[in-house]
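As stored in query-v8.pdb (PDB, C-alpha atoms and all ligand atoms):
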```pdb
ATOM      1  CA  MET X   1       2.289   2.267 -12.196  1.00  0.00           C
ATOM      2  CA  SER X   2      -1.136   0.709 -12.040  1.00  0.00           C
ATOM      3  CA  VAL X   3      -2.962  -2.232 -10.541  1.00  0.00           C
ATOM      4  CA  LEU X   4      -1.897  -4.258 -13.536  1.00  0.00           C
ATOM      5  CA  HIS X   5       1.756  -3.473 -12.921  1.00  0.00           C
ATOM      6  CA  VAL X   6       1.450  -4.444  -9.285  1.00  0.00           C
ATOM      7  CA  VAL X   7      -0.305  -7.733 -10.012  1.00  0.00           C
ATOM      8  CA  GLY X   8       2.488  -8.552 -12.454  1.00  0.00           C
ATOM      9  CA  CYS X   9       4.837  -9.176  -9.509  1.00  0.00           C
ATOM     10  CA  TRP X  10       6.472 -12.594  -9.414  1.00  0.00           C
ATOM     11  CA  THR X  11       4.864 -13.994  -6.302  1.00  0.00           C
ATOM     12  CA  ALA X  12       5.198 -17.667  -5.341  1.00  0.00           C
ATOM     13  CA  ASP X  13       1.947 -18.713  -6.991  1.00  0.00           C
ATOM     14  CA  ARG X  14       3.001 -17.120 -10.259  1.00  0.00           C
ATOM     15  CA  LEU X  15       6.473 -18.705 -10.136  1.00  0.00           C
ATOM     16  CA  ALA X  16       4.842 -22.077  -9.439  1.00  0.00           C
ATOM     17  CA  ARG X  17       2.581 -21.735 -12.478  1.00  0.00           C
ATOM     18  CA  HIS X  18       5.701 -21.258 -14.594  1.00  0.00           C
ATOM     19  CA  GLY X  19       7.461 -24.246 -13.020  1.00  0.00           C
ATOM     20  CA  MET X  20      10.046 -22.032 -11.324  1.00  0.00           C
ATOM     21  CA  PRO X  21      11.484 -22.326  -7.808  1.00  0.00           C
ATOM     22  CA  HIS X  22       9.266 -20.568  -5.295  1.00  0.00           C
ATOM     23  CA  PRO X  23       8.817 -20.201  -1.533  1.00  0.00           C
ATOM     24  CA  ALA X  24       6.520 -22.820  -0.013  1.00  0.00           C
ATOM     25  CA  ARG X  25       4.780 -20.217   2.101  1.00  0.00           C
ATOM     26  CA  CYS X  26       4.424 -16.466   2.290  1.00  0.00           C
ATOM     27  CA  PRO X  27       7.830 -15.117   3.361  1.00  0.00           C
ATOM     28  CA  MET X  28       6.234 -12.399   5.478  1.00  0.00           C
ATOM     29  CA  CYS X  29       4.030 -14.552   7.732  1.00  0.00           C
ATOM     30  CA  ASP X  30       5.295 -18.072   6.963  1.00  0.00           C
ATOM     31  CA  GLN X  31       1.676 -19.221   6.836  1.00  0.00           C
ATOM     32  CA  GLY X  32      -0.402 -18.492   3.763  1.00  0.00           C
ATOM     33  CA  THR X  33       0.337 -19.210   0.122  1.00  0.00           C
ATOM     34  CA  GLU X  34       1.994 -16.185  -1.392  1.00  0.00           C
ATOM     35  CA  THR X  35      -0.445 -14.734  -3.886  1.00  0.00           C
ATOM     36  CA  ILE X  36      -0.462 -11.052  -4.744  1.00  0.00           C
ATOM     37  CA  ASP X  37      -3.787 -10.632  -2.909  1.00  0.00           C
ATOM     38  CA  HIS X  38      -2.368 -12.311   0.185  1.00  0.00           C
ATOM     39  CA  LEU X  39       0.969 -10.522   0.113  1.00  0.00           C
ATOM     40  CA  LEU X  40      -0.400  -7.006  -0.372  1.00  0.00           C
ATOM     41  CA  LEU X  41      -3.694  -7.219   1.511  1.00  0.00           C
ATOM     42  CA  GLY X  42      -4.601 -10.382   3.410  1.00  0.00           C
ATOM     43  CA  CYS X  43      -1.274 -11.261   5.026  1.00  0.00           C
ATOM     44  CA  VAL X  44      -1.082 -10.431   8.708  1.00  0.00           C
ATOM     45  CA  PHE X  45       1.975  -8.325   7.903  1.00  0.00           C
ATOM     46  CA  ALA X  46       0.250  -6.354   5.128  1.00  0.00           C
ATOM     47  CA  ARG X  47      -2.789  -5.855   7.338  1.00  0.00           C
ATOM     48  CA  GLN X  48      -0.553  -4.329  10.025  1.00  0.00           C
ATOM     49  CA  VAL X  49       0.849  -1.899   7.444  1.00  0.00           C
ATOM     50  CA  TRP X  50      -2.600  -1.008   6.122  1.00  0.00           C
ATOM     51  CA  ASN X  51      -3.967  -0.660   9.629  1.00  0.00           C
ATOM     52  CA  VAL X  52      -1.343   1.972  10.418  1.00  0.00           C
ATOM     53  CA  VAL X  53      -1.771   3.780   7.101  1.00  0.00           C
ATOM     54  CA  LEU X  54      -5.573   3.721   7.007  1.00  0.00           C
ATOM     55  CA  THR X  55      -5.934   4.678  10.657  1.00  0.00           C
ATOM     56  CA  ASP X  56      -3.710   7.671   9.957  1.00  0.00           C
ATOM     57  CA  TRP X  57      -5.905   8.566   6.992  1.00  0.00           C
ATOM     58  CA  GLY X  58      -8.992   8.369   9.203  1.00  0.00           C
ATOM     59  CA  ARG X  59     -10.291   5.481   7.100  1.00  0.00           C
ATOM     60  CA  PRO X  60      -9.880   2.349   9.260  1.00  0.00           C
ATOM     61  CA  ASP X  61     -13.089   1.124   7.617  1.00  0.00           C
ATOM     62  CA  TRP X  62     -11.058   0.636   4.439  1.00  0.00           C
ATOM     63  CA  LEU X  63      -8.930  -2.086   6.084  1.00  0.00           C
ATOM     64  CA  PRO X  64      -8.963  -4.977   3.616  1.00  0.00           C
ATOM     65  CA  LEU X  65     -10.414  -8.309   4.692  1.00  0.00           C
ATOM     66  CA  VAL X  66      -8.142 -11.320   5.029  1.00  0.00           C
ATOM     67  CA  ASP X  67      -9.502 -12.800   1.800  1.00  0.00           C
ATOM     68  CA  ALA X  68      -9.729  -9.492  -0.091  1.00  0.00           C
ATOM     69  CA  SER X  69      -8.929  -9.310  -3.786  1.00  0.00           C
ATOM     70  CA  LEU X  70      -6.621  -6.455  -4.710  1.00  0.00           C
ATOM     71  CA  ALA X  71      -8.691  -5.439  -7.732  1.00  0.00           C
ATOM     72  CA  ASP X  72     -12.025  -5.564  -5.873  1.00  0.00           C
ATOM     73  CA  TRP X  73     -10.707  -3.795  -2.769  1.00  0.00           C
ATOM     74  CA  TRP X  74      -8.943  -1.065  -4.715  1.00  0.00           C
ATOM     75  CA  THR X  75     -11.905  -0.278  -6.930  1.00  0.00           C
ATOM     76  CA  SER X  76     -14.178  -0.136  -3.883  1.00  0.00           C
ATOM     77  CA  LEU X  77     -12.282   2.907  -2.563  1.00  0.00           C
ATOM     78  CA  VAL X  78     -13.955   5.927  -4.046  1.00  0.00           C
ATOM     79  CA  VAL X  79     -13.340   9.589  -3.337  1.00  0.00           C
ATOM     80  CA  GLN X  80     -15.034  12.650  -4.669  1.00  0.00           C
ATOM     81  CA  ASN X  81     -13.198  13.854  -7.704  1.00  0.00           C
ATOM     82  CA  LYS X  82     -10.746  12.639 -10.289  1.00  0.00           C
ATOM     83  CA  LYS X  83      -7.693  14.391  -8.855  1.00  0.00           C
ATOM     84  CA  LYS X  84      -8.333  13.053  -5.388  1.00  0.00           C
ATOM     85  CA  GLN X  85      -8.992   9.621  -6.824  1.00  0.00           C
ATOM     86  CA  ARG X  86      -5.757   9.767  -8.743  1.00  0.00           C
ATOM     87  CA  ASN X  87      -3.867  10.775  -5.607  1.00  0.00           C
ATOM     88  CA  LEU X  88      -5.500   7.906  -3.770  1.00  0.00           C
ATOM     89  CA  ASN X  89      -4.516   5.482  -6.524  1.00  0.00           C
ATOM     90  CA  THR X  90      -0.970   6.819  -6.461  1.00  0.00           C
ATOM     91  CA  VAL X  91      -0.604   6.468  -2.731  1.00  0.00           C
ATOM     92  CA  ILE X  92      -2.068   2.947  -2.716  1.00  0.00           C
ATOM     93  CA  THR X  93       0.408   2.037  -5.430  1.00  0.00           C
ATOM     94  CA  LEU X  94       3.115   3.532  -3.230  1.00  0.00           C
ATOM     95  CA  VAL X  95       2.119   1.441  -0.212  1.00  0.00           C
ATOM     96  CA  CYS X  96       1.906  -1.724  -2.344  1.00  0.00           C
ATOM     97  CA  TRP X  97       5.296  -0.952  -3.863  1.00  0.00           C
ATOM     98  CA  CYS X  98       6.853  -0.550  -0.380  1.00  0.00           C
ATOM     99  CA  ILE X  99       5.352  -3.844   0.841  1.00  0.00           C
ATOM    100  CA  TRP X 100       6.633  -5.581  -2.318  1.00  0.00           C
ATOM    101  CA  ARG X 101      10.065  -3.998  -1.941  1.00  0.00           C
ATOM    102  CA  HIS X 102      10.275  -5.141   1.678  1.00  0.00           C
ATOM    103  CA  ARG X 103       9.124  -8.620   0.685  1.00  0.00           C
ATOM    104  CA  ASN X 104      12.067  -8.749  -1.725  1.00  0.00           C
ATOM    105  CA  SER X 105      14.438  -7.729   1.068  1.00  0.00           C
ATOM    106  CA  VAL X 106      13.054 -10.555   3.197  1.00  0.00           C
ATOM    107  CA  VAL X 107      13.370 -13.091   0.346  1.00  0.00           C
ATOM    108  CA  PHE X 108      16.691 -12.033  -1.142  1.00  0.00           C
ATOM    109  CA  ASP X 109      18.526 -10.251   1.693  1.00  0.00           C
ATOM    110  CA  VAL X 110      17.131 -12.342   4.570  1.00  0.00           C
ATOM    111  CA  ALA X 111      15.739  -9.220   6.228  1.00  0.00           C
ATOM    112  CA  THR X 112      13.315  -9.617   9.123  1.00  0.00           C
ATOM    113  CA  PRO X 113       9.761  -8.456   8.306  1.00  0.00           C
ATOM    114  CA  SER X 114       9.300  -5.032   9.859  1.00  0.00           C
ATOM    115  CA  VAL X 115       6.225  -2.828   9.670  1.00  0.00           C
ATOM    116  CA  ALA X 116       8.345   0.101  10.852  1.00  0.00           C
ATOM    117  CA  ARG X 117      10.700  -0.450   7.918  1.00  0.00           C
ATOM    118  CA  VAL X 118       7.820  -0.311   5.449  1.00  0.00           C
ATOM    119  CA  GLN X 119       6.516   2.846   7.113  1.00  0.00           C
ATOM    120  CA  HIS X 120       9.933   4.399   6.738  1.00  0.00           C
ATOM    121  CA  TRP X 121       9.979   3.547   3.030  1.00  0.00           C
ATOM    122  CA  ILE X 122       6.488   4.893   2.523  1.00  0.00           C
ATOM    123  CA  ARG X 123       7.596   8.213   3.974  1.00  0.00           C
ATOM    124  CA  SER X 124      10.848   8.439   2.065  1.00  0.00           C
ATOM    125  CA  GLU X 125       9.333   7.259  -1.218  1.00  0.00           C
ATOM    126  CA  SER X 126       6.465   9.721  -0.852  1.00  0.00           C
ATOM    127  CA  VAL X 127       8.956  12.568  -0.848  1.00  0.00           C
ATOM    128  CA  ALA X 128      10.531  11.289  -4.058  1.00  0.00           C
ATOM    129  CA  TRP X 129       7.175  10.645  -5.722  1.00  0.00           C
ATOM    130  CA  ARG X 130       5.976  14.100  -4.759  1.00  0.00           C
ATOM    131  CA  ARG X 131       9.085  15.682  -6.231  1.00  0.00           C
ATOM    132  CA  ALA X 132       8.480  13.649  -9.369  1.00  0.00           C
ATOM    133  CA  GLY X 133       5.054  15.299  -9.648  1.00  0.00           C
ATOM    134  CA  LEU X 134       3.054  12.128  -9.124  1.00  0.00           C
ATOM    135  CA  PHE X 135       0.572  13.803  -6.810  1.00  0.00           C
ATOM    136  CA  HIS X 136      -2.022  16.324  -7.876  1.00  0.00           C
ATOM    137  CA  ARG X 137      -2.132  19.531  -5.889  1.00  0.00           C
ATOM    138  CA  VAL X 138      -5.478  19.129  -4.252  1.00  0.00           C
ATOM    139  CA  ASN X 139      -6.328  20.701  -0.943  1.00  0.00           C
ATOM    140  CA  PHE X 140      -8.765  18.942   1.322  1.00  0.00           C
ATOM    141  CA  SER X 141     -10.704  20.404   4.153  1.00  0.00           C
ATOM    142  CA  PHE X 142     -10.306  18.050   7.072  1.00  0.00           C
ATOM    143  CA  PRO X 143     -12.351  16.813   8.655  1.00  0.00           C
ATOM    144  CA  SER X 144     -15.520  17.454   6.746  1.00  0.00           C
ATOM    145  CA  VAL X 145     -18.818  15.729   7.144  1.00  0.00           C
ATOM    146  CA  ASP X 146     -19.520  15.536   3.461  1.00  0.00           C
ATOM    147  CA  THR X 147     -16.071  14.820   2.090  1.00  0.00           C
ATOM    148  CA  VAL X 148     -13.956  11.803   2.580  1.00  0.00           C
ATOM    149  CA  ALA X 149     -12.306  12.127   5.952  1.00  0.00           C
ATOM    150  CA  PHE X 150      -8.686  12.354   5.050  1.00  0.00           C
ATOM    151  CA  GLU X 151      -6.353  14.764   3.432  1.00  0.00           C
ATOM    152  CA  TRP X 152      -3.011  14.582   1.767  1.00  0.00           C
ATOM    153  CA  SER X 153      -0.355  16.571   3.550  1.00  0.00           C
ATOM    154  CA  VAL X 154       1.941  16.087   0.595  1.00  0.00           C
ATOM    155  CA  LEU X 155       2.062  19.791  -0.085  1.00  0.00           C
ATOM    156  CA  GLU X 156       3.031  20.822   3.414  1.00  0.00           C
ATOM    157  CA  SER X 157       4.887  18.001   5.064  1.00  0.00           C
ATOM    158  CA  PRO X 158       8.429  17.162   4.095  1.00  0.00           C
ATOM    159  CA  PHE X 159       8.071  13.906   5.964  1.00  0.00           C
ATOM    160  CA  SER X 160       4.816  12.103   5.423  1.00  0.00           C
ATOM    161  CA  LEU X 161       2.004  11.724   2.935  1.00  0.00           C
ATOM    162  CA  LEU X 162      -0.291  10.921   5.786  1.00  0.00           C
ATOM    163  CA  PRO X 163      -2.810  13.463   7.064  1.00  0.00           C
ATOM    164  CA  SER X 164      -2.083  16.163   9.546  1.00  0.00           C
ATOM    165  CA  GLY X 165      -3.172  15.619  13.096  1.00  0.00           C
ATOM    166  CA  MET X 166      -1.225  12.395  13.446  1.00  0.00           C
TER
HETATM  167 ZN    ZN R 201       1.662 -13.751   4.572  1.00  0.00          ZN
END
```
Transcribe the structure of this file into structure tokens.
Ligand SMILES: [Zn+2]
Amino acid sequence: MSVLHVVGCWTADRLARHGMPHPARCPMCDQGTETIDHLLLGCVFARQVWNVVLTDWGRPDWLPLVDASLADWWTSLVVQNKKKQRNLNTVITLVCWCIWRHRNSVVFDVATPSVARVQHWIRSESVAWRRAGLFHRVNFSFPSVDTVAFEWSVLESPFSLLPSGM
């Protein structure tokens, strides 16, 4: 899965462009127009998810702005080598996928938006994605002054892809 796959999601703005029925407002916050950038980054709900995830990674400075573009934000996150970058891309895809999946539960199953529910999915999906070999086996030293200040505990933890020391 890539950025292009994620941005292919049928959000309200995309449905509207095709003349199809669509929610008037973002189903997660009932405020903004549901674009992919809003849903996955700028929405108050998405920002709560990212705040938890990025704080756990030790990168709260990566928290997307309210008006962030998914493509611009994602490409601004750079780590030191290709394997780490690929792991980062995979885990961001995972978080986006879990937000999108929860959005669909809210729209189609009338679920109540829940950050805890998304966190649960991130953890359970990370186990499945790890078993599927979607993460490179890269060990980080953490913390380190000259490396990005997070590590993937995917090799050790059966529970979370978030860094140790949580
Ligand atoms: Zn919203």
- Could the residues that lie within 6 Å of ligand ZN 201 (chain R), counting all atoms listed in the file, be listed as an NGL selection string? :X and (26 or 28-29 or 31-32 or 39 or 43-44)
- Which distance in Å separates atom CA of X:Gln119 and atom CA of X:Ala12, to one decimal? 24.0 Å
- Quote the spacing between atom CA of X:Val118 and atom CA of X:His102 in Å to one decimal place. 6.6 Å
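Using only C-alpha atoms for every distance, the candidate list X:Ser105, X:Thr33, X:Thr90, X:Ser114 yields X:Thr90 as the residue closest to X:Trp74.
The gap separating atom CA of X:Ile36 from atom CA of X:Leu70 is 7.7 Å, in Å to one decimal.
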- Message: Once the PyMOL selection byres (((chain X and resi 73) around 10) and not hetatm) is applied to the coordinates I shared, what remains selected? I want it as a VMD selection string.
- Response: chain X and resid 37 41 62 to 65 68 to 72 74 to 77
Same residues, C-alpha atoms, output as an mmCIF file, in the frame of the given file:
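Result saved to result.cif:
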```cif
data_model
loop_
_atom_site.group_PDB
_atom_site.id
_atom_site.type_symbol
_atom_site.label_atom_id
_atom_site.label_comp_id
_atom_site.auth_asym_id
_atom_site.auth_seq_id
_atom_site.Cartn_x
_atom_site.Cartn_y
_atom_site.Cartn_z
ATOM 1 C CA ASP X 37 -3.787 -10.632 -2.909
ATOM 2 C CA LEU X 41 -3.694 -7.219 1.511
ATOM 3 C CA TRP X 62 -11.058 0.636 4.439
ATOM 4 C CA LEU X 63 -8.930 -2.086 6.084
ATOM 5 C CA PRO X 64 -8.963 -4.977 3.616
ATOM 6 C CA LEU X 65 -10.414 -8.309 4.692
ATOM 7 C CA ALA X 68 -9.729 -9.492 -0.091
ATOM 8 C CA SER X 69 -8.929 -9.310 -3.786
ATOM 9 C CA LEU X 70 -6.621 -6.455 -4.710
ATOM 10 C CA ALA X 71 -8.691 -5.439 -7.732
ATOM 11 C CA ASP X 72 -12.025 -5.564 -5.873
ATOM 12 C CA TRP X 74 -8.943 -1.065 -4.715
ATOM 13 C CA THR X 75 -11.905 -0.278 -6.930
ATOM 14 C CA SER X 76 -14.178 -0.136 -3.883
ATOM 15 C CA LEU X 77 -12.282 2.907 -2.563
#
```
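Each of X:Asn81, X:Arg130, X:Ile99, X:Val66 was compared to X:Arg117 using only C-alpha atoms, and X:Ile99 turns out to be the nearest.
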- For the structure shown, which residues end up in the PyMOL selection byres (((chain X and resi 91-98) around 9) and not hetatm)? Put them as a ChimeraX atom specification, please? /X:1-3,6,40-41,46,49-50,53,74,86-90,99-103,118-119,121-122,125-126,129,135,161
